[in-house]
file protein-v2.txt (compact mmCIF, C-alpha atoms and all ligand atoms)
# COMPACT_ATOMS: atom_id res chain seq x y z
CA MET A 1 3.81 2.42 -45.61
CA ILE A 2 5.72 5.00 -43.62
CA LEU A 3 5.04 4.98 -39.88
CA GLY A 4 4.37 8.32 -38.22
CA ARG A 5 6.54 9.38 -35.32
CA SER A 6 3.94 8.50 -32.72
CA GLU A 7 3.46 5.06 -34.28
CA ARG A 8 7.12 4.25 -34.17
CA GLY A 9 7.16 4.46 -30.42
CA LYS A 10 9.54 6.58 -28.45
CA PRO A 11 12.82 7.47 -30.08
CA PRO A 12 15.70 5.68 -28.37
CA VAL A 13 17.21 7.80 -25.62
CA GLU A 14 20.90 8.39 -25.57
CA PRO A 15 21.71 7.96 -21.87
CA VAL A 16 23.80 10.43 -19.93
CA THR A 17 26.84 8.60 -18.59
CA LEU A 18 28.44 9.70 -15.35
CA LYS A 19 31.63 8.59 -13.71
CA ILE A 20 31.59 7.82 -10.00
CA LEU A 21 34.57 6.81 -7.90
CA VAL A 22 34.41 4.34 -5.05
CA ALA A 23 37.19 5.07 -2.59
CA GLY A 24 38.13 4.34 1.01
CA GLY A 25 40.72 2.45 2.99
CA PHE A 26 42.10 -1.03 2.58
CA GLY A 27 39.56 -3.87 2.72
CA VAL A 28 36.54 -1.69 3.37
CA GLY A 29 34.44 -3.33 0.67
CA LYS A 30 34.99 -1.27 -2.51
CA THR A 31 35.38 -4.26 -4.83
CA THR A 32 32.39 -5.91 -3.15
CA LEU A 33 30.27 -2.77 -3.69
CA VAL A 34 31.07 -2.51 -7.41
CA GLY A 35 30.40 -6.25 -7.85
CA ALA A 36 27.07 -6.02 -6.01
CA VAL A 37 25.51 -3.55 -8.43
CA SER A 38 27.32 -3.93 -11.74
CA GLU A 39 25.17 -5.18 -14.60
CA ILE A 40 28.26 -6.14 -16.56
CA ARG A 41 30.82 -8.59 -15.25
CA PRO A 42 32.97 -6.19 -13.26
CA LEU A 43 36.54 -5.74 -14.32
CA ARG A 44 38.76 -6.46 -11.36
CA THR A 45 42.48 -6.19 -10.85
CA GLU A 46 42.93 -8.38 -7.82
CA GLU A 47 46.23 -9.79 -6.66
CA THR A 48 46.69 -12.33 -3.91
CA LEU A 49 47.74 -11.00 -0.53
CA THR A 50 51.00 -12.65 0.40
CA GLU A 51 52.75 -13.54 3.59
CA ALA A 52 55.43 -10.96 2.72
CA GLY A 53 52.80 -8.20 2.68
CA ARG A 54 51.35 -9.10 6.06
CA PRO A 55 53.04 -6.30 8.03
CA VAL A 56 51.54 -3.61 5.77
CA ASP A 57 48.28 -5.26 4.68
CA ASP A 58 46.23 -5.18 7.87
CA THR A 59 43.35 -7.61 7.38
CA SER A 60 42.03 -7.43 10.95
CA GLY A 61 38.23 -7.55 10.75
CA VAL A 62 38.32 -8.97 7.22
CA GLU A 63 40.32 -12.12 7.87
CA GLY A 64 38.54 -13.87 4.97
CA LYS A 65 40.19 -11.47 2.56
CA HIS A 66 42.81 -13.07 0.34
CA THR A 67 43.14 -10.60 -2.51
CA THR A 68 43.55 -6.86 -2.94
CA THR A 69 42.86 -4.39 -5.75
CA VAL A 70 46.07 -3.22 -7.40
CA ALA A 71 44.72 -0.94 -10.13
CA MET A 72 40.95 -0.50 -10.16
CA ASP A 73 37.51 -2.06 -10.27
CA PHE A 74 35.19 -1.13 -13.07
CA GLY A 75 31.45 -1.68 -13.32
CA ARG A 76 28.32 -0.17 -14.81
CA ILE A 77 24.80 0.40 -13.54
CA THR A 78 21.78 1.86 -15.34
CA LEU A 79 19.91 3.96 -12.77
CA ARG A 80 17.27 5.07 -15.28
CA GLU A 81 16.98 4.44 -19.00
CA ASP A 82 18.58 7.85 -19.54
CA LEU A 83 21.18 7.68 -16.76
CA VAL A 84 24.09 5.26 -16.63
CA LEU A 85 26.84 5.27 -14.02
CA TYR A 86 30.33 3.99 -14.64
CA LEU A 87 31.86 2.95 -11.36
CA PHE A 88 35.58 3.08 -10.73
CA GLY A 89 36.77 1.43 -7.54
CA THR A 90 40.14 2.69 -6.37
CA PRO A 91 42.85 0.57 -4.79
CA GLY A 92 42.75 0.89 -1.00
CA GLN A 93 46.38 0.46 -0.11
CA GLU A 94 48.58 3.49 0.22
CA ARG A 95 51.22 2.17 -2.13
CA PHE A 96 48.73 2.35 -5.03
CA TRP A 97 47.40 5.84 -4.33
CA PHE A 98 49.28 7.34 -7.27
CA MET A 99 46.41 5.84 -9.33
CA TRP A 100 43.82 8.12 -7.75
CA ASP A 101 44.60 11.24 -9.81
CA GLU A 102 44.16 9.29 -13.05
CA LEU A 103 40.98 7.63 -11.84
CA SER A 104 39.37 10.85 -10.57
CA GLU A 105 39.75 12.63 -13.92
CA GLY A 106 36.26 13.63 -15.07
CA ALA A 107 34.45 12.10 -12.08
CA LEU A 108 31.10 13.62 -11.14
CA GLY A 109 31.43 12.49 -7.56
CA ALA A 110 32.65 9.81 -5.20
CA VAL A 111 31.57 7.39 -2.54
CA VAL A 112 33.95 7.11 0.40
CA LEU A 113 33.34 3.76 2.05
CA ALA A 114 34.10 3.59 5.75
CA ASP A 115 34.35 0.79 8.29
CA THR A 116 33.72 2.03 11.84
CA ARG A 117 36.25 -0.46 13.22
CA ARG A 118 38.99 1.33 11.28
CA LEU A 119 37.54 4.74 10.60
CA GLU A 120 40.95 6.38 10.33
CA ASP A 121 41.61 4.37 7.15
CA CYS A 122 39.19 6.57 5.23
CA PHE A 123 40.53 9.95 6.46
CA ALA A 124 42.87 10.18 3.48
CA ALA A 125 40.02 9.63 1.01
CA VAL A 126 37.86 12.28 2.71
CA ASP A 127 40.80 14.73 2.59
CA TYR A 128 41.48 13.90 -1.03
CA PHE A 129 37.97 14.76 -2.28
CA GLU A 130 37.58 17.78 0.03
CA ARG A 131 40.82 19.26 -1.23
CA ARG A 132 39.89 18.79 -4.88
CA GLY A 133 36.31 19.98 -4.47
CA ILE A 134 34.91 16.66 -5.81
CA PRO A 135 31.43 16.08 -4.29
CA PHE A 136 31.31 12.91 -2.21
CA VAL A 137 29.07 10.99 0.15
CA VAL A 138 30.25 8.71 2.95
CA GLY A 139 28.86 5.18 3.00
CA VAL A 140 29.38 3.39 6.30
CA ASN A 141 29.70 -0.29 5.37
CA CYS A 142 28.05 -2.06 8.29
CA PHE A 143 30.03 -5.27 8.79
CA GLU A 144 28.49 -7.80 11.15
CA GLY A 145 30.18 -7.69 14.52
CA ALA A 146 31.15 -4.04 14.15
CA ALA A 147 29.63 -1.70 16.73
CA ARG A 148 26.87 0.50 15.31
CA TYR A 149 27.36 4.19 15.96
CA PRO A 150 24.82 6.97 15.45
CA ALA A 151 25.40 8.79 12.16
CA ASP A 152 26.16 12.03 14.00
CA ASP A 153 29.01 10.42 15.94
CA VAL A 154 30.57 9.12 12.73
CA ARG A 155 30.15 12.54 11.09
CA ARG A 156 31.89 14.19 13.99
CA ALA A 157 34.74 11.66 13.99
CA LEU A 158 35.26 12.31 10.28
CA ASP A 159 34.86 16.06 10.77
CA LEU A 160 32.46 16.15 7.81
CA ASP A 161 31.01 19.40 6.50
CA ASP A 162 27.27 19.68 7.18
CA GLY A 163 26.43 19.34 3.51
CA VAL A 164 28.16 15.98 3.03
CA PRO A 165 25.62 13.12 3.15
CA LEU A 166 26.44 10.09 5.30
CA MET A 167 24.56 6.85 4.75
CA MET A 168 24.64 3.43 6.38
CA CYS A 169 24.95 0.65 3.81
CA ASP A 170 25.78 -2.96 3.12
CA ALA A 171 28.28 -3.22 0.27
CA ARG A 172 26.99 -6.71 -0.56
CA GLU A 173 23.37 -5.61 -1.09
CA ARG A 174 22.40 -4.27 -4.48
CA ALA A 175 19.47 -2.18 -3.17
CA SER A 176 21.57 -0.65 -0.42
CA VAL A 177 24.42 0.23 -2.77
CA LYS A 178 21.96 1.67 -5.29
CA ASP A 179 20.64 4.05 -2.61
CA VAL A 180 24.18 5.27 -1.92
CA LEU A 181 24.79 5.80 -5.64
CA ILE A 182 21.55 7.74 -6.03
CA GLY A 183 22.69 9.76 -2.99
CA VAL A 184 25.98 10.72 -4.63
CA VAL A 185 24.35 11.68 -7.94
CA GLU A 186 21.75 13.84 -6.16
CA HIS A 187 24.38 15.43 -3.97
CA ALA A 188 26.66 16.24 -6.92
CA MET A 189 23.74 17.68 -8.91
CA ALA A 190 22.66 19.85 -5.97
CA ARG A 191 26.24 21.06 -5.49
CA SER A 192 26.58 22.05 -9.13
CA ALA A 193 23.16 23.80 -9.06
CA ASP A 194 24.33 25.76 -5.97
CA ARG A 195 27.52 26.74 -7.75
CA ARG A 196 25.60 27.94 -10.84
CA GLN A 197 23.37 30.04 -8.62
CA THR A 198 26.35 31.61 -6.88
CA VAL A 199 27.83 32.54 -10.24
CA THR A 200 24.63 34.12 -11.59
CA THR A 201 23.67 36.05 -8.44
N1 LIG A 301 30.52 -9.17 6.56
C1 LIG A 301 30.75 -8.34 5.55
N2 LIG A 301 31.82 -8.59 4.79
C2 LIG A 301 32.07 -7.77 3.77
C3 LIG A 301 31.26 -6.64 3.49
N3 LIG A 301 31.80 -5.96 2.46
C4 LIG A 301 32.91 -6.65 2.09
N4 LIG A 301 33.06 -7.74 2.88
C5 LIG A 301 34.16 -8.70 2.85
O1 LIG A 301 35.30 -7.96 3.25
C6 LIG A 301 36.42 -8.28 2.47
C7 LIG A 301 36.98 -7.05 1.80
O2 LIG A 301 36.20 -6.64 0.72
P1 LIG A 301 36.80 -6.01 -0.64
O3 LIG A 301 35.58 -5.69 -1.42
O4 LIG A 301 37.85 -6.85 -1.26
O5 LIG A 301 37.49 -4.69 -0.08
P2 LIG A 301 38.25 -3.57 -0.91
O6 LIG A 301 37.87 -2.27 -0.28
O7 LIG A 301 38.01 -3.69 -2.37
O8 LIG A 301 39.76 -3.93 -0.58
P3 LIG A 301 41.11 -3.38 -1.28
O9 LIG A 301 40.89 -3.32 -2.74
O10 LIG A 301 42.14 -4.43 -0.91
O11 LIG A 301 41.41 -2.07 -0.62
C8 LIG A 301 35.96 -9.36 1.50
O12 LIG A 301 36.36 -10.61 2.05
C9 LIG A 301 34.45 -9.22 1.47
O13 LIG A 301 33.79 -10.45 1.26
C10 LIG A 301 30.13 -6.41 4.32
O14 LIG A 301 29.35 -5.49 4.14
N5 LIG A 301 29.92 -7.31 5.34
MG MG A 302 39.31 -3.84 -3.85

call {"tool": "encode", "arguments": {"input": "protein-v2.txt", "output": "structure tokens", "more": "lines below"}}
Ligand SMILES: Nc1nc2c(ncn2[C@@H]2O[C@H](COP(=O)(O)OP(=O)(O)OP(=O)(O)O)[C@@H](O)[C@H]2O)c(=O)[nH]1
Ligand SMILES: [Mg+2]
result
Amino acid sequence: MILGRSERGKPPVEPVTLKILVAGGFGVGKTTLVGAVSEIRPLRTEETLTEAGRPVDDTSGVEGKHTTTVAMDFGRITLREDLVLYLFGTPGQERFWFMWDELSEGALGAVVLADTRRLEDCFAAVDYFERRGIPFVVGVNCFEGAARYPADDVRRALDLDDGVPLMMCDARERASVKDVLIGVVEHAMARSADRRQTVTT
């Protein structure tokens, strides 16, 4: 007997896959964020921080940190059955920034993670995405012990354009990270809809 279409249930959906970058300064929690939400075992490229690197690898605030990303983090999250995000965490240290151009190829958008104790460490990431016109949101990773600042103060310190979303988050919490990722997808979609409208009007 041949089953009719309605009897066979819904046809399998081919999900849309989107690439999202996770950027920000050294030790701000990028690897932690990808690990918190990835449904596959995240690919990590961690190397041990050494005594020799101490003058350049400033771990103040994250003294428990013993490793650093040297190439990238990679993870995957299914936001809806028809929407899958591939997450690419960038290395935070300046000496690995040559990787960013490769990693940002084809990215829909980015999350710039910030730590308010060392806000200046994410300036370069904000500049990078602004200059290339890649939509991004800022996620303020709220470490315990760090002073909490109103969102507007952080926005002003980062000199963010009005349209750029800023969200408080905890890079260790799946639900919190998921909200940030939904934020970046929505923001990027809205930006591209705006652009289409500008072209047609
Ligand atoms: N308390 C607290 N610790 C965190 C949080 N996020 C990350 N950490 C810790 O901070 C340290 C740095 O986190 P990573 O995820 O390695 O940071 P990263 O941005 O990937 O660092 P690089 O790749 O070296 O630039 C780790 O020891 C984490 O356990 C957070 O939200 N709260
Ligand atoms: Mg890392």

call {"tool": "residues_around", "arguments": {"input": "protein-v2.txt", "residues": "stretch 59-61 of chain A", "least_positions_apart": "5", "cutoff": "9 Å", "atoms": "all atoms listed in the file", "output": "CSV table (one decimal) with C-alpha atoms, in the frame of the given file"}}
result
chain,number,residue,atom,x,y,z
A,26,PHE,CA,42.1,-1.0,2.6
A,27,GLY,CA,39.6,-3.9,2.7
A,54,ARG,CA,51.4,-9.1,6.1
A,66,HIS,CA,42.8,-13.1,0.3
A,117,ARG,CA,36.2,-0.5,13.2
A,118,ARG,CA,39.0,1.3,11.3
A,143,PHE,CA,30.0,-5.3,8.8
A,145,GLY,CA,30.2,-7.7,14.5
A,146,ALA,CA,31.2,-4.0,14.2

call {"tool": "closest_residue", "arguments": {"input": "protein-v2.txt", "among": "A:Gly109, A:Ile40, A:Glu144, A:Val70", "to": "A:Ala171", "atoms": "all atoms listed in the file"}}
result
A:Glu144

call {"tool": "axis_aligned_box", "arguments": {"input": "protein-v2.txt", "around": "ligand LIG 301 (chain A)", "padding_each_side": "4 Å", "output": "lines of an AutoDock Vina configuration file"}}
result
center_x = 35.7
center_y = -6.3
center_z = 1.9
size_x = 20.8
size_y = 16.5
size_z = 17.3

call {"tool": "residues_near_ligand", "arguments": {"input": "protein-v2.txt", "ligand": "ligand MG 302 (chain A)", "cutoff": "12 Å", "atoms": "all atoms listed in the file", "output": "ChimeraX atom specification"}}
result
/A:22-35,42-49,65-74,88-93,96,113,171

call {"tool": "residues_around", "arguments": {"input": "protein-v2.txt", "residues": "stretch 103-108 of chain A", "least_positions_apart": "4", "cutoff": "7 Å", "atoms": "all atoms listed in the file", "output": "ChimeraX atom specification"}}
result
/A:18-21,99,188

call {"tool": "closest_residue", "arguments": {"input": "protein-v2.txt", "among": "A:Glu94, A:Asp179, A:Asp152, A:Asp162", "to": "ligand LIG 301 (chain A)", "atoms": "all atoms listed in the file"}}
result
A:Glu94

call {"tool": "closest_residue", "arguments": {"input": "protein-v2.txt", "among": "A:Leu158, A:Ile77, A:Ala114, A:Val126", "to": "ligand LIG 301 (chain A)", "atoms": "all atoms listed in the file"}}
result
A:Ala114

call {"tool": "closest_residue", "arguments": {"input": "protein-v2.txt", "among": "A:Ser38, A:Asn141, A:Thr50, A:Thr116", "to": "ligand LIG 301 (chain A)", "atoms": "all atoms listed in the file"}}
result
A:Asn141

call {"tool": "atom_distance", "arguments": {"input": "protein-v2.txt", "atom1": "atom O11 of ligand LIG 301 (chain A)", "atom2": "atom CA of A:Asp58"}}
result
10.2 Å

call {"tool": "residues_around", "arguments": {"input": "protein-v2.txt", "residues": "A:Glu39", "least_positions_apart": "2", "cutoff": "8 Å", "atoms": "all atoms listed in the file", "output": "PyMOL selection string"}}
result
chain A and resi 37+41-42+75-78

call {"tool": "decode", "arguments": {"input": "protein-v2.txt", "residues": "stretch 164-187 of chain A", "atoms": "N, CA and C atoms", "output": "short mmCIF file (atom, residue, chain, number, x, y, z; two decimals), in the first residue's frame"}}
result
data_model
loop_
_atom_site.label_atom_id
_atom_site.label_comp_id
_atom_site.auth_asym_id
_atom_site.auth_seq_id
_atom_site.Cartn_x
_atom_site.Cartn_y
_atom_site.Cartn_z
N VAL A 164 22.79 48.86 17.52
CA VAL A 164 23.50 47.63 17.93
C VAL A 164 22.97 47.14 19.28
N PRO A 165 22.38 45.93 19.33
CA PRO A 165 21.86 45.44 20.61
C PRO A 165 22.97 45.14 21.61
N LEU A 166 22.70 45.41 22.87
CA LEU A 166 23.64 45.07 23.94
C LEU A 166 22.87 44.25 24.97
N MET A 167 23.39 43.09 25.32
CA MET A 167 22.67 42.22 26.25
C MET A 167 23.60 41.77 27.37
N MET A 168 23.05 41.67 28.58
CA MET A 168 23.82 41.11 29.69
C MET A 168 23.70 39.58 29.57
N CYS A 169 24.77 38.86 29.87
CA CYS A 169 24.67 37.40 29.75
C CYS A 169 25.63 36.71 30.71
N ASP A 170 25.46 35.40 30.80
CA ASP A 170 26.40 34.57 31.54
C ASP A 170 26.85 33.48 30.56
N ALA A 171 28.12 33.56 30.18
CA ALA A 171 28.64 32.66 29.14
C ALA A 171 28.56 31.19 29.54
N ARG A 172 28.33 30.92 30.83
CA ARG A 172 28.28 29.52 31.28
C ARG A 172 26.89 28.93 31.21
N GLU A 173 25.87 29.83 31.01
CA GLU A 173 24.47 29.40 31.08
C GLU A 173 23.89 29.23 29.68
N ARG A 174 23.43 28.01 29.41
CA ARG A 174 22.90 27.73 28.08
C ARG A 174 21.77 28.68 27.69
N ALA A 175 20.81 28.89 28.62
CA ALA A 175 19.63 29.70 28.28
C ALA A 175 20.05 31.14 27.98
N SER A 176 20.99 31.64 28.77
CA SER A 176 21.45 33.01 28.60
C SER A 176 22.17 33.17 27.26
N VAL A 177 23.01 32.21 26.93
CA VAL A 177 23.75 32.28 25.66
C VAL A 177 22.79 32.15 24.48
N LYS A 178 21.78 31.29 24.65
CA LYS A 178 20.80 31.10 23.58
C LYS A 178 20.09 32.42 23.27
N ASP A 179 19.75 33.17 24.31
CA ASP A 179 19.10 34.48 24.11
C ASP A 179 19.99 35.42 23.29
N VAL A 180 21.28 35.40 23.61
CA VAL A 180 22.21 36.27 22.86
C VAL A 180 22.27 35.83 21.40
N LEU A 181 22.28 34.52 21.17
CA LEU A 181 22.36 34.02 19.79
C LEU A 181 21.09 34.34 19.01
N ILE A 182 19.95 34.23 19.68
CA ILE A 182 18.70 34.62 19.02
C ILE A 182 18.77 36.12 18.70
N GLY A 183 19.33 36.89 19.63
CA GLY A 183 19.48 38.33 19.43
C GLY A 183 20.30 38.65 18.19
N VAL A 184 21.39 37.93 17.98
CA VAL A 184 22.24 38.24 16.83
C VAL A 184 21.56 37.83 15.52
N VAL A 185 20.85 36.70 15.54
CA VAL A 185 20.15 36.27 14.31
C VAL A 185 19.06 37.30 13.97
N GLU A 186 18.29 37.71 14.96
CA GLU A 186 17.22 38.68 14.71
C GLU A 186 17.79 40.01 14.20
N HIS A 187 18.86 40.43 14.84
CA HIS A 187 19.47 41.69 14.46
C HIS A 187 19.99 41.64 13.02
#
